[in-house]
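Source file start_26.tsv; content: TSV, C-alpha atoms.
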```
chain	number	residue	atom	x	y	z
A	1	MET	CA	-14.33	-10.67	-0.38
A	2	PRO	CA	-13.64	-7.04	0.59
A	3	ILE	CA	-12.81	-6.29	4.23
A	4	PHE	CA	-14.07	-3.25	6.11
A	5	SER	CA	-11.40	-1.89	8.40
A	6	LYS	CA	-11.73	0.80	11.08
A	7	SER	CA	-8.82	3.16	10.55
A	8	ALA	CA	-7.26	6.46	11.56
A	9	ILE	CA	-7.41	8.72	8.51
A	10	ALA	CA	-5.26	11.86	8.34
A	11	THR	CA	-7.24	14.40	6.33
A	12	GLY	CA	-4.20	16.40	5.25
A	13	ASP	CA	-5.11	19.61	7.04
A	14	GLY	CA	-3.74	18.88	10.51
A	15	ASN	CA	-6.67	16.75	11.58
A	16	PHE	CA	-7.68	13.09	11.56
A	17	MET	CA	-10.83	11.03	11.89
A	18	ILE	CA	-11.69	7.45	12.74
A	19	ASP	CA	-13.51	5.98	9.76
A	20	HIS	CA	-13.75	2.78	7.74
A	21	VAL	CA	-11.78	1.84	4.64
A	22	THR	CA	-12.41	-1.09	2.32
A	23	LEU	CA	-9.54	-3.46	1.60
A	24	ALA	CA	-9.24	-5.82	-1.35
A	25	SER	CA	-7.54	-9.22	-1.44
A	26	PRO	CA	-3.77	-9.14	-1.89
A	27	LYS	CA	-2.09	-9.21	-5.29
A	28	PRO	CA	0.46	-12.05	-5.87
A	29	ASP	CA	3.28	-10.21	-4.04
A	30	GLU	CA	1.16	-8.78	-1.22
A	31	VAL	CA	-0.03	-9.74	2.26
A	32	LEU	CA	-3.13	-8.76	4.20
A	33	VAL	CA	-2.33	-8.37	7.90
A	34	LYS	CA	-4.79	-8.17	10.78
A	35	ILE	CA	-3.16	-5.53	12.96
A	36	LYS	CA	-2.95	-6.33	16.66
A	37	ALA	CA	-0.81	-3.42	17.86
A	38	ALA	CA	0.62	-0.20	16.39
A	39	GLY	CA	3.35	1.88	17.98
A	40	LEU	CA	3.22	5.67	17.83
A	41	CYS	CA	5.99	8.13	17.07
A	42	HIS	CA	6.25	11.78	16.02
A	43	THR	CA	6.15	10.83	12.33
A	44	ASP	CA	2.56	9.70	12.82
A	45	TYR	CA	1.69	13.12	14.20
A	46	ASP	CA	3.57	14.79	11.35
A	47	SER	CA	1.46	12.85	8.83
A	48	LEU	CA	-1.54	14.98	9.81
A	49	ASN	CA	0.02	17.76	7.74
A	50	TRP	CA	1.14	15.92	4.62
A	51	GLY	CA	-1.51	17.69	2.59
A	52	LYS	CA	-3.50	14.65	1.52
A	53	PRO	CA	-5.71	11.93	3.00
A	54	ILE	CA	-3.70	8.96	4.23
A	55	VAL	CA	-4.23	5.86	6.37
A	56	MET	CA	-1.99	6.62	9.33
A	57	GLY	CA	0.60	4.49	11.09
A	58	HIS	CA	3.99	2.99	10.23
A	59	GLU	CA	4.85	0.76	13.22
A	60	GLY	CA	2.92	-2.43	13.73
A	61	SER	CA	2.54	-6.12	14.39
A	62	GLY	CA	-0.24	-8.56	13.68
A	63	ILE	CA	-1.38	-11.83	12.15
A	64	VAL	CA	-1.32	-12.80	8.48
A	65	ALA	CA	-4.94	-12.91	7.28
A	66	GLU	CA	-4.37	-13.61	3.58
A	67	ILE	CA	-1.41	-13.97	1.22
A	68	GLY	CA	-0.84	-13.51	-2.49
A	69	ALA	CA	0.03	-16.41	-4.79
A	70	GLN	CA	3.78	-15.62	-4.87
A	71	VAL	CA	4.28	-15.25	-1.11
A	72	GLU	CA	6.31	-18.08	0.42
A	73	HIS	CA	7.98	-16.80	3.59
A	74	VAL	CA	4.77	-16.50	5.66
A	75	VAL	CA	1.45	-18.34	5.78
A	76	VAL	CA	-1.99	-17.42	7.07
A	77	GLY	CA	-1.95	-17.32	10.86
A	78	ASP	CA	1.71	-16.34	11.23
A	79	SER	CA	2.61	-13.63	13.70
A	80	VAL	CA	4.48	-10.86	11.87
A	81	ILE	CA	6.22	-7.52	12.34
A	82	LEU	CA	5.77	-4.85	9.69
A	83	ASN	CA	8.70	-2.99	8.14
A	84	TRP	CA	8.24	0.29	6.28
A	85	ALA	CA	11.58	0.25	4.42
A	86	THR	CA	10.46	-2.25	1.78
A	87	PRO	CA	13.44	-3.09	-0.47
A	88	CYS	CA	13.25	-3.87	-4.20
A	89	ARG	CA	16.60	-5.74	-4.00
A	90	LYS	CA	17.38	-4.69	-7.57
A	91	CYS	CA	18.33	-1.00	-7.47
A	92	PHE	CA	21.84	0.40	-6.96
A	93	GLN	CA	21.46	0.93	-3.21
A	94	CYS	CA	19.90	-2.47	-2.56
A	95	LYS	CA	22.77	-4.14	-4.41
A	96	GLU	CA	25.19	-2.09	-2.30
A	97	GLY	CA	23.57	-3.58	0.81
A	98	ASN	CA	21.62	-0.42	1.64
A	99	GLU	CA	18.10	-1.82	1.48
A	100	HIS	CA	16.83	0.83	3.90
A	101	ILE	CA	17.45	3.56	1.29
A	102	CYS	CA	16.04	1.65	-1.67
A	103	GLU	CA	15.83	3.99	-4.67
A	104	LYS	CA	12.56	2.52	-5.93
A	105	ASN	CA	10.52	1.53	-2.89
A	106	SER	CA	11.54	3.71	0.07
A	107	PRO	CA	8.76	6.12	1.07
A	108	VAL	CA	11.47	8.50	2.29
A	109	VAL	CA	14.10	8.26	-0.45
A	110	ALA	CA	11.92	7.53	-3.47
A	111	GLY	CA	8.53	8.85	-2.59
A	112	ALA	CA	8.73	11.74	-0.11
A	113	ASN	CA	6.13	9.90	1.99
A	114	GLY	CA	4.08	9.24	-1.11
A	115	TYR	CA	3.19	6.30	-3.32
A	116	THR	CA	6.13	4.16	-4.46
A	117	GLU	CA	6.60	0.68	-5.87
A	118	GLY	CA	6.97	-0.51	-2.27
A	119	HIS	CA	3.30	0.29	-1.68
A	120	ALA	CA	0.65	-2.41	-2.16
A	121	HIS	CA	-1.64	-1.65	-5.11
A	122	LEU	CA	-3.31	1.68	-4.52
A	123	GLU	CA	-6.81	0.49	-5.40
A	124	GLY	CA	-6.51	-2.12	-2.64
A	125	THR	CA	-7.56	0.42	-0.01
A	126	ILE	CA	-10.61	2.58	-0.65
A	127	TRP	CA	-11.94	5.48	1.42
A	128	LYS	CA	-15.03	7.40	0.37
A	129	ASN	CA	-15.03	5.56	-2.97
A	130	THR	CA	-11.48	6.73	-3.73
A	131	PRO	CA	-8.11	4.93	-3.42
A	132	ILE	CA	-6.14	6.18	-0.43
A	133	GLU	CA	-2.41	5.92	0.30
A	134	ARG	CA	-1.07	4.27	3.43
A	135	SER	CA	1.52	6.00	5.58
A	136	PHE	CA	5.05	4.80	4.83
A	137	ASN	CA	3.63	2.03	2.61
A	138	LEU	CA	1.91	0.45	5.63
A	139	GLY	CA	-1.00	2.24	7.32
A	140	THR	CA	-0.86	0.35	10.63
A	141	LEU	CA	-3.37	2.50	12.54
A	142	SER	CA	-6.07	0.34	11.06
A	143	GLU	CA	-7.67	-2.99	11.89
A	144	TYR	CA	-6.18	-4.41	8.67
A	145	ALA	CA	-3.27	-3.40	6.45
A	146	LEU	CA	-2.58	-4.46	2.88
A	147	VAL	CA	1.19	-4.44	2.30
A	148	LYS	CA	3.93	-5.75	0.06
A	149	ALA	CA	5.34	-9.12	1.05
A	150	SER	CA	8.74	-7.45	1.59
A	151	ALA	CA	7.13	-5.40	4.38
A	152	VAL	CA	6.40	-8.51	6.46
A	153	VAL	CA	8.91	-10.21	8.77
A	154	LYS	CA	7.87	-13.38	10.58
A	155	ASN	CA	7.95	-13.25	14.37
A	156	THR	CA	9.03	-16.68	15.57
A	157	SER	CA	9.23	-15.74	19.26
A	158	LYS	CA	6.70	-17.23	21.65
A	159	GLU	CA	7.65	-14.64	24.29
A	160	LEU	CA	7.25	-11.45	22.27
A	161	SER	CA	3.82	-9.84	22.67
A	162	PHE	CA	2.14	-7.93	19.86
A	163	PRO	CA	2.62	-4.54	21.60
A	164	ALA	CA	6.33	-5.21	22.15
A	165	ALA	CA	6.72	-6.47	18.59
A	166	SER	CA	4.99	-3.39	17.17
A	167	ILE	CA	7.60	-0.93	18.41
A	168	ILE	CA	10.53	-2.79	16.86
A	169	SER	CA	9.76	-1.59	13.37
A	170	CYS	CA	10.71	2.06	13.80
A	171	GLY	CA	11.81	3.52	17.13
A	172	VAL	CA	13.66	0.48	18.44
A	173	MET	CA	15.27	-0.28	15.10
A	174	THR	CA	16.32	3.32	14.53
A	175	GLY	CA	18.02	3.68	17.90
A	176	TYR	CA	19.56	0.21	18.09
A	177	GLY	CA	20.62	0.21	14.44
A	178	SER	CA	22.23	3.64	14.60
A	179	VAL	CA	24.60	2.21	17.20
A	180	VAL	CA	25.15	-1.30	15.88
A	181	ASN	CA	24.92	-0.88	12.11
A	182	SER	CA	25.73	2.76	11.40
A	183	ALA	CA	28.22	4.00	14.01
A	184	LYS	CA	29.46	0.48	14.85
A	185	VAL	CA	30.17	1.47	18.43
A	186	LYS	CA	33.25	-0.31	19.78
A	187	GLU	CA	33.57	-2.25	23.02
A	188	ASN	CA	34.79	-0.20	26.01
A	189	SER	CA	34.02	3.08	24.24
A	190	SER	CA	32.25	6.15	25.62
A	191	VAL	CA	28.84	7.17	24.27
A	192	VAL	CA	26.73	10.29	24.76
A	193	VAL	CA	22.98	10.21	24.07
A	194	LEU	CA	21.25	13.58	23.64
A	195	GLY	CA	17.55	13.09	24.32
A	196	THR	CA	16.17	10.05	26.10
A	197	GLY	CA	12.78	9.54	24.49
A	198	GLY	CA	11.86	6.32	22.70
A	199	VAL	CA	14.68	6.49	20.15
A	200	GLY	CA	17.29	7.68	22.64
A	201	LEU	CA	16.49	4.83	25.02
A	202	ASN	CA	17.18	2.38	22.22
A	203	VAL	CA	20.46	4.08	21.41
A	204	ILE	CA	21.32	3.45	25.05
A	205	GLN	CA	20.28	-0.19	24.71
A	206	GLY	CA	22.33	-0.58	21.54
A	207	ALA	CA	25.38	0.92	23.24
A	208	LYS	CA	24.94	-1.45	26.15
A	209	ILE	CA	24.65	-4.43	23.79
A	210	ASN	CA	27.87	-3.33	22.05
A	211	LYS	CA	29.51	-3.17	25.49
A	212	ALA	CA	30.26	0.53	25.67
A	213	SER	CA	31.87	1.22	29.04
A	214	LYS	CA	30.42	4.70	29.59
A	215	ILE	CA	26.95	5.71	28.43
A	216	ILE	CA	26.10	9.34	29.29
A	217	ALA	CA	22.43	10.28	28.97
A	218	ILE	CA	21.54	13.98	28.59
A	219	ASP	CA	18.04	15.42	28.86
A	220	VAL	CA	16.14	18.35	30.37
A	221	ASN	CA	13.52	15.98	31.78
A	222	GLU	CA	14.44	14.39	35.11
A	223	HIS	CA	11.86	11.62	34.68
A	224	ARG	CA	13.33	10.62	31.33
A	225	LEU	CA	16.83	10.60	32.78
A	226	GLN	CA	15.77	8.17	35.47
A	227	MET	CA	14.20	6.02	32.77
A	228	ALA	CA	17.47	6.17	30.83
A	229	GLN	CA	19.29	4.71	33.81
A	230	THR	CA	16.97	1.70	33.89
A	231	PHE	CA	17.72	1.09	30.21
A	232	GLY	CA	21.49	1.10	30.65
A	233	ALA	CA	22.84	4.65	31.01
A	234	THR	CA	25.84	4.71	33.35
A	235	HIS	CA	25.88	8.50	33.84
A	236	LEU	CA	23.09	11.09	33.85
A	237	LEU	CA	23.43	14.76	32.96
A	238	LYS	CA	20.47	17.12	33.28
A	239	ALA	CA	20.68	19.83	30.65
A	240	ASP	CA	19.62	23.44	31.04
A	241	LYS	CA	17.23	24.79	28.41
A	242	SER	CA	19.21	28.04	28.39
A	243	ASP	CA	22.42	26.21	27.42
A	244	LYS	CA	22.66	27.20	23.75
A	245	GLY	CA	23.94	24.32	21.62
A	246	LEU	CA	24.54	22.40	24.87
A	247	LEU	CA	28.06	23.81	24.96
A	248	GLU	CA	28.08	23.90	28.77
A	249	ALA	CA	26.91	20.29	28.85
A	250	ALA	CA	29.68	19.46	26.38
A	251	GLU	CA	32.27	20.79	28.84
A	252	LYS	CA	30.81	18.51	31.52
A	253	VAL	CA	31.02	15.58	29.10
A	254	LYS	CA	34.70	16.33	28.54
A	255	GLN	CA	35.28	16.31	32.30
A	256	MET	CA	33.66	12.86	32.38
A	257	THR	CA	35.81	11.55	29.50
A	258	ASP	CA	39.42	12.36	30.46
A	259	GLY	CA	39.16	15.91	29.16
A	260	ARG	CA	38.85	14.98	25.51
A	261	GLY	CA	35.18	14.19	24.80
A	262	ALA	CA	33.28	10.99	24.09
A	263	ASP	CA	34.05	8.51	21.34
A	264	TYR	CA	30.48	8.75	20.02
A	265	ALA	CA	27.54	11.12	20.47
A	266	PHE	CA	23.99	10.53	19.24
A	267	GLU	CA	21.47	13.35	18.73
A	268	CYS	CA	17.94	12.06	19.44
A	269	THR	CA	16.00	15.24	20.22
A	270	ALA	CA	14.72	16.27	16.76
A	271	ILE	CA	15.43	19.88	17.80
A	272	PRO	CA	17.16	21.70	14.89
A	273	GLU	CA	19.06	24.00	17.25
A	274	LEU	CA	20.77	20.90	18.67
A	275	GLY	CA	21.78	19.44	15.32
A	276	ALA	CA	25.41	20.43	15.84
A	277	ALA	CA	25.48	19.56	19.55
A	278	PRO	CA	26.88	16.02	19.21
A	279	LEU	CA	29.98	17.45	17.50
A	280	ALA	CA	30.71	19.45	20.64
A	281	MET	CA	30.47	16.28	22.73
A	282	ILE	CA	33.02	14.10	20.90
A	283	ARG	CA	36.78	13.88	20.97
A	284	ASN	CA	39.06	14.49	18.02
A	285	ALA	CA	38.45	11.67	15.51
A	286	GLY	CA	35.18	10.84	17.25
A	287	THR	CA	31.83	10.13	15.58
A	288	ALA	CA	28.68	12.26	15.84
A	289	VAL	CA	25.40	10.68	14.76
A	290	GLN	CA	22.24	12.61	13.84
A	291	VAL	CA	19.54	10.05	14.65
A	292	SER	CA	16.31	12.04	14.92
A	293	GLY	CA	15.84	13.04	11.29
A	294	ILE	CA	16.33	16.81	11.47
A	295	GLU	CA	15.69	18.21	7.98
A	296	GLN	CA	15.74	21.94	8.65
A	297	GLU	CA	18.67	24.19	7.79
A	298	ILE	CA	21.36	24.11	10.47
A	299	VAL	CA	24.30	26.48	10.86
A	300	PHE	CA	27.52	24.74	11.92
A	301	ASP	CA	30.51	26.30	13.59
A	302	MET	CA	33.29	24.51	11.72
A	303	ASN	CA	35.46	24.71	14.82
A	304	LEU	CA	33.28	21.92	16.18
A	305	PHE	CA	34.69	19.61	13.51
A	306	GLU	CA	38.28	20.03	14.70
A	307	TRP	CA	39.89	17.63	14.32
A	308	ASP	CA	39.10	14.53	12.17
A	309	LYS	CA	35.57	14.29	13.51
A	310	VAL	CA	32.92	12.39	11.52
A	311	TYR	CA	29.24	13.40	11.35
A	312	ILE	CA	26.78	10.87	9.93
A	313	ASN	CA	23.02	10.97	9.31
A	314	PRO	CA	21.75	7.38	9.02
A	315	LEU	CA	18.20	6.47	8.06
A	316	TYR	CA	16.34	3.83	10.09
A	317	GLY	CA	19.54	2.56	11.67
A	318	GLY	CA	20.70	0.98	8.40
A	319	CYS	CA	17.89	-1.54	8.75
A	320	ASN	CA	17.94	-4.89	7.01
A	321	PRO	CA	14.75	-6.34	8.52
A	322	GLU	CA	15.48	-9.99	7.75
A	323	ARG	CA	18.82	-9.62	9.56
A	324	ASP	CA	18.04	-7.09	12.27
A	325	PHE	CA	14.56	-7.98	13.51
A	326	PRO	CA	15.60	-11.53	14.48
A	327	ARG	CA	18.68	-10.13	16.23
A	328	ILE	CA	16.56	-7.68	18.20
A	329	ILE	CA	14.17	-10.48	19.14
A	330	SER	CA	17.10	-12.64	20.22
A	331	HIS	CA	18.44	-9.83	22.43
A	332	TYR	CA	14.95	-9.47	23.91
A	333	GLU	CA	14.63	-13.18	24.63
A	334	SER	CA	18.04	-13.24	26.29
A	335	GLY	CA	17.07	-10.32	28.52
A	336	VAL	CA	19.61	-7.78	27.29
A	337	LEU	CA	17.12	-5.57	25.41
A	338	LYS	CA	13.95	-4.23	27.01
A	339	LEU	CA	10.75	-3.85	24.99
A	340	ASP	CA	7.81	-4.35	27.36
A	341	GLU	CA	9.25	-1.81	29.79
A	342	MET	CA	9.38	0.78	27.03
A	343	ILE	CA	5.60	0.79	26.55
A	344	THR	CA	4.37	3.42	28.98
A	345	ARG	CA	0.71	3.21	28.04
A	346	THR	CA	-1.64	1.48	25.60
A	347	TYR	CA	-4.77	2.97	24.01
A	348	PRO	CA	-7.73	1.93	21.89
A	349	LEU	CA	-7.85	3.52	18.45
A	350	GLU	CA	-10.64	5.82	19.61
A	351	ASP	CA	-8.19	7.42	22.08
A	352	LEU	CA	-5.61	8.30	19.44
A	353	GLN	CA	-5.84	12.02	20.25
A	354	GLN	CA	-5.03	11.31	23.91
A	355	ALA	CA	-2.11	9.16	22.79
A	356	PHE	CA	-0.78	12.04	20.69
A	357	ASP	CA	-1.25	14.48	23.55
A	358	ASP	CA	0.69	12.23	25.92
A	359	MET	CA	3.46	11.74	23.37
A	360	LEU	CA	3.83	15.47	22.70
A	361	ALA	CA	3.87	16.17	26.44
A	362	GLY	CA	6.76	13.74	26.88
A	363	LYS	CA	4.78	11.44	29.16
A	364	ASN	CA	5.50	8.24	27.24
A	365	ALA	CA	8.60	6.39	26.21
A	366	LYS	CA	6.29	4.67	23.73
A	367	GLY	CA	2.53	4.67	23.39
A	368	VAL	CA	0.87	1.78	21.58
A	369	ILE	CA	-2.57	1.47	20.00
A	370	LEU	CA	-4.18	-1.93	20.63
A	371	PHE	CA	-6.69	-3.68	18.37
A	372	ASN	CA	-8.98	-6.59	19.19
```
Translate the structure of the given file into structure tokens.
Amino acid sequence: MPIFSKSAIATGDGNFMIDHVTLASPKPDEVLVKIKAAGLCHTDYDSLNWGKPIVMGHEGSGIVAEIGAQVEHVVVGDSVILNWATPCRKCFQCKEGNEHICEKNSPVVAGANGYTEGHAHLEGTIWKNTPIERSFNLGTLSEYALVKASAVVKNTSKELSFPAASIISCGVMTGYGSVVNSAKVKENSSVVVLGTGGVGLNVIQGAKINKASKIIAIDVNEHRLQMAQTFGATHLLKADKSDKGLLEAAEKVKQMTDGRGADYAFECTAIPELGAAPLAMIRNAGTAVQVSGIEQEIVFDMNLFEWDKVYINPLYGGCNPERDFPRIISHYESGVLKLDEMITRTYPLEDLQQAFDDMLAGKNAKGVILFN
């Protein structure tokens, strides 16, 4: 039986509407999920301008409503977290252990936010009598989502609420994973975090989990800096918007790190002009990490690379959902990783515009859309 699902539809011209789509039953390797909560991030806002209609949303949690014949790892009624980096487990990168950059299924690597083999069958979601794609293979800003089985990770925690679970699958994973999986931050090291929004706060949490001894949070927003302290920052540094490339802030970082710079610096602002800033913050042979997904052209002063510095640009924190989501949940249950505290405000789907406005104004660490 088809299901009618109220959804947020990006119309491709910078706008969106709340309308209904029709979902079919899952194919053998697919799962139909009743969405209970969907986290918001800037990618959701960006999807308004992808030039085509799309069911919005790529962070989410919910309950399995129906499964395909080949699905074995979840059953109807299971609580699940959705993962947008659906691996094929057969391509070169998957075999190398890089499932997050799957060459066949990734909506970023393989599909440029378009339809890939990691997307449930296109005809399974219909809008205005026409098949419609789902953002990042998911489309979580909808009462129901039809997804590949590889996009579903079982949530076995009895403590983890649907809103808290929903934010794991992008912002939390990206920040935490960039520290733990990509940079592999060492115990007793020094870490700088540029930008303390949702992703930056999870970089801070990852650094704390990896037992960094000094975690320096940098932001222009005093409120966000105070929030950073509650999530584990040991030092706060308010930046000046007139500080080009944050070079003055970098000098202050050096003063705080024995005159040489931090061991690691993570850029989490998504501001192209700050793409090179983490290089100025680290010591010789330190590691700079571009977390926020800057894709614009950036001019680098090669002096910032002196000497033996490493600059990396990981996607999704090197996520392996079957490995990483349970670890994040375990950290949450043990009290060393905050999720509930990160959700500043929740909204009904009808208030999506207000949620975007609050996000763009920097009012929220994370906003979450709730469904009945």
Sel. within 12 Å of pt (28.2, 23.8, 27.4), counting all atoms listed in the file, output as a short mmCIF file (atom, residue, chain, number, x, y, z; two decimals) with C-alpha atoms, in the coordinates of the input:
```cif
data_model
loop_
_atom_site.label_atom_id
_atom_site.label_comp_id
_atom_site.auth_asym_id
_atom_site.auth_seq_id
_atom_site.Cartn_x
_atom_site.Cartn_y
_atom_site.Cartn_z
CA ILE A 218 21.54 13.98 28.59
CA LEU A 237 23.43 14.76 32.96
CA LYS A 238 20.47 17.12 33.28
CA ALA A 239 20.68 19.83 30.65
CA ASP A 240 19.62 23.44 31.04
CA LYS A 241 17.23 24.79 28.41
CA SER A 242 19.21 28.04 28.39
CA ASP A 243 22.42 26.21 27.42
CA LYS A 244 22.66 27.20 23.75
CA GLY A 245 23.94 24.32 21.62
CA LEU A 246 24.54 22.40 24.87
CA LEU A 247 28.06 23.81 24.96
CA GLU A 248 28.08 23.90 28.77
CA ALA A 249 26.91 20.29 28.85
CA ALA A 250 29.68 19.46 26.38
CA GLU A 251 32.27 20.79 28.84
CA LYS A 252 30.81 18.51 31.52
CA VAL A 253 31.02 15.58 29.10
CA LYS A 254 34.70 16.33 28.54
CA GLN A 255 35.28 16.31 32.30
CA LEU A 274 20.77 20.90 18.67
CA ALA A 277 25.48 19.56 19.55
CA PRO A 278 26.88 16.02 19.21
CA LEU A 279 29.98 17.45 17.50
CA ALA A 280 30.71 19.45 20.64
CA MET A 281 30.47 16.28 22.73
#
```
Legend entry - A:Asn49, A:Asn188, A:Asn221, A:Asn372 ranked by distance to Asp13 (chain A), top pick (using all atoms listed in the file):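 Residue with the minimum atom-to-atom distance to Asp13 (chain A): A:Asn49.
Nearest residue to Gly118 (chain A), choosing from A:Asp351, A:Asp29, A:Asp219, A:Glu267 and counting all atoms listed in the file: A:Asp29.
Minimum atom-to-atom distance to Ile3 (chain A), evaluated using only C-alpha atoms, belongs to A:Ala145 out of A:Val199, A:Ala145, A:Cys268, A:Leu315.
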Legend entry - Cys91 (chain A) environment, 8 Å, only C-alpha atoms, sequence neighbours closer than 3 positions dropped, as a ChimeraX atom specification: /A:88,94-95,102-104
Legend entry - Minimum-distance residue to Gly335 (chain A), chosen among A:Val71, A:Ile9, A:Leu160, A:Ala24 (using all atoms listed in the file):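 For Gly335 (chain A), the nearest of the given residues is A:Leu160.
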Inset, instruction - Excluding region 205-213 of chain A and any residue of its chain fewer than 3 positions from it, enumerate the residues within 9 Å of it, using only C-alpha atoms, and give them as a count of residues only. - result: 25
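Atom to atom, CA of Cys170 (chain A) and CA of Tyr316 (chain A) stand 7.0 Å apart.
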Which polymer residues have any atom within 6 Å of an atom of region 286-297 of chain A, counting all atoms listed in the file, with same-chain residues fewer than 4 positions away left out, as a compact mmCIF listing (two decimals) with C-alpha atoms, in the coordinates of the input?
```txt
# COMPACT_ATOMS: atom_id res chain seq x y z
CA ASP A 263 34.05 8.51 21.34
CA TYR A 264 30.48 8.75 20.02
CA ALA A 265 27.54 11.12 20.47
CA PHE A 266 23.99 10.53 19.24
CA GLU A 267 21.47 13.35 18.73
CA CYS A 268 17.94 12.06 19.44
CA ALA A 270 14.72 16.27 16.76
CA PRO A 278 26.88 16.02 19.21
CA LEU A 279 29.98 17.45 17.50
CA ILE A 282 33.02 14.10 20.90
CA LYS A 309 35.57 14.29 13.51
CA VAL A 310 32.92 12.39 11.52
CA TYR A 311 29.24 13.40 11.35
CA ILE A 312 26.78 10.87 9.93
CA ASN A 313 23.02 10.97 9.31
```
Once 5 Å is added on each side, what centre and edge lengths in Å to one decimal does the axis-aligned box around all listed atoms of region 211-229 of chain A have, as lines of an AutoDock Vina configuration file?
```
center_x = 21.9
center_y = 7.6
center_z = 30.5
size_x = 30.0
size_y = 31.5
size_z = 20.0
```
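Computed from the coordinates, the CA of Phe356 (chain A) to CA of Lys6 (chain A) distance equals 18.4 Å.
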Legend entry - Å distance separating CA of Tyr347 (chain A) from CA of Ala10 (chain A), one decimal place: 18.0 Å
Legend entry - Among the residues A:Phe325, A:Val64, A:Met342, A:Asn320, the one that comes closest to Ile101 (chain A) [using all atoms listed in the file]: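 Result for the nearest residue to Ile101 (chain A): A:Asn320.
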Inset, instruction - Choose the residue, out of A:Met173, A:Ile54, A:Val192, A:Ala110, that has the smallest atom-to-atom separation from Leu339 (chain A); count all atoms listed in the file. - result: A:Met173
Please build the interface table for region 212-242 of chain A against region 256-261 of chain A with a cut-off of 10 Å, listing for each qualifying residue the nearest atom pair and the distance in Å to one decimal; count all atoms listed in the file, order rows by chain and increasing number, and write it as a tab-separated table.
```
residue	atom	partner	partner_atom	distance
A:Lys214	CA	A:Thr257	CA	8.7
A:Ile216	CA	A:Met256	CA	8.9
A:His235	CA	A:Met256	CA	9.0
```
How would region 208-219 of chain A read, as a CSV table (one decimal), keeping the file's coordinate frame, once N, CA, C and O atoms are built in?
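New file rebuild_30.csv:
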```csv
chain,number,residue,atom,x,y,z
A,208,LYS,N,24.7,-0.4,25.1
A,208,LYS,CA,24.9,-1.4,26.2
A,208,LYS,C,25.2,-2.8,25.5
A,208,LYS,O,26.1,-3.5,26.0
A,209,ILE,N,24.4,-3.2,24.5
A,209,ILE,CA,24.6,-4.4,23.8
A,209,ILE,C,26.0,-4.5,23.2
A,209,ILE,O,26.7,-5.6,23.2
A,210,ASN,N,26.5,-3.4,22.6
A,210,ASN,CA,27.9,-3.3,22.0
A,210,ASN,C,29.0,-3.1,23.1
A,210,ASN,O,30.1,-2.9,22.8
A,211,LYS,N,28.6,-3.2,24.4
A,211,LYS,CA,29.5,-3.2,25.5
A,211,LYS,C,30.3,-1.9,25.6
A,211,LYS,O,31.5,-1.9,26.0
A,212,ALA,N,29.6,-0.7,25.4
A,212,ALA,CA,30.3,0.5,25.7
A,212,ALA,C,30.5,0.6,27.2
A,212,ALA,O,29.6,0.2,28.0
A,213,SER,N,31.6,1.2,27.6
A,213,SER,CA,31.9,1.2,29.0
A,213,SER,C,31.2,2.4,29.7
A,213,SER,O,31.0,2.4,31.0
A,214,LYS,N,31.0,3.5,29.0
A,214,LYS,CA,30.4,4.7,29.6
A,214,LYS,C,29.3,5.2,28.7
A,214,LYS,O,29.5,5.5,27.5
A,215,ILE,N,28.1,5.3,29.2
A,215,ILE,CA,27.0,5.7,28.4
A,215,ILE,C,26.3,6.9,29.2
A,215,ILE,O,25.7,6.7,30.2
A,216,ILE,N,26.5,8.1,28.6
A,216,ILE,CA,26.1,9.3,29.3
A,216,ILE,C,24.8,9.8,28.7
A,216,ILE,O,24.7,10.1,27.5
A,217,ALA,N,23.7,9.8,29.4
A,217,ALA,CA,22.4,10.3,29.0
A,217,ALA,C,22.2,11.7,29.3
A,217,ALA,O,22.5,12.1,30.5
A,218,ILE,N,21.8,12.5,28.4
A,218,ILE,CA,21.5,14.0,28.6
A,218,ILE,C,20.1,14.3,28.2
A,218,ILE,O,19.6,14.0,27.1
A,219,ASP,N,19.4,15.0,29.1
A,219,ASP,CA,18.0,15.4,28.9
A,219,ASP,C,17.7,16.5,29.8
A,219,ASP,O,18.3,16.7,30.8
```
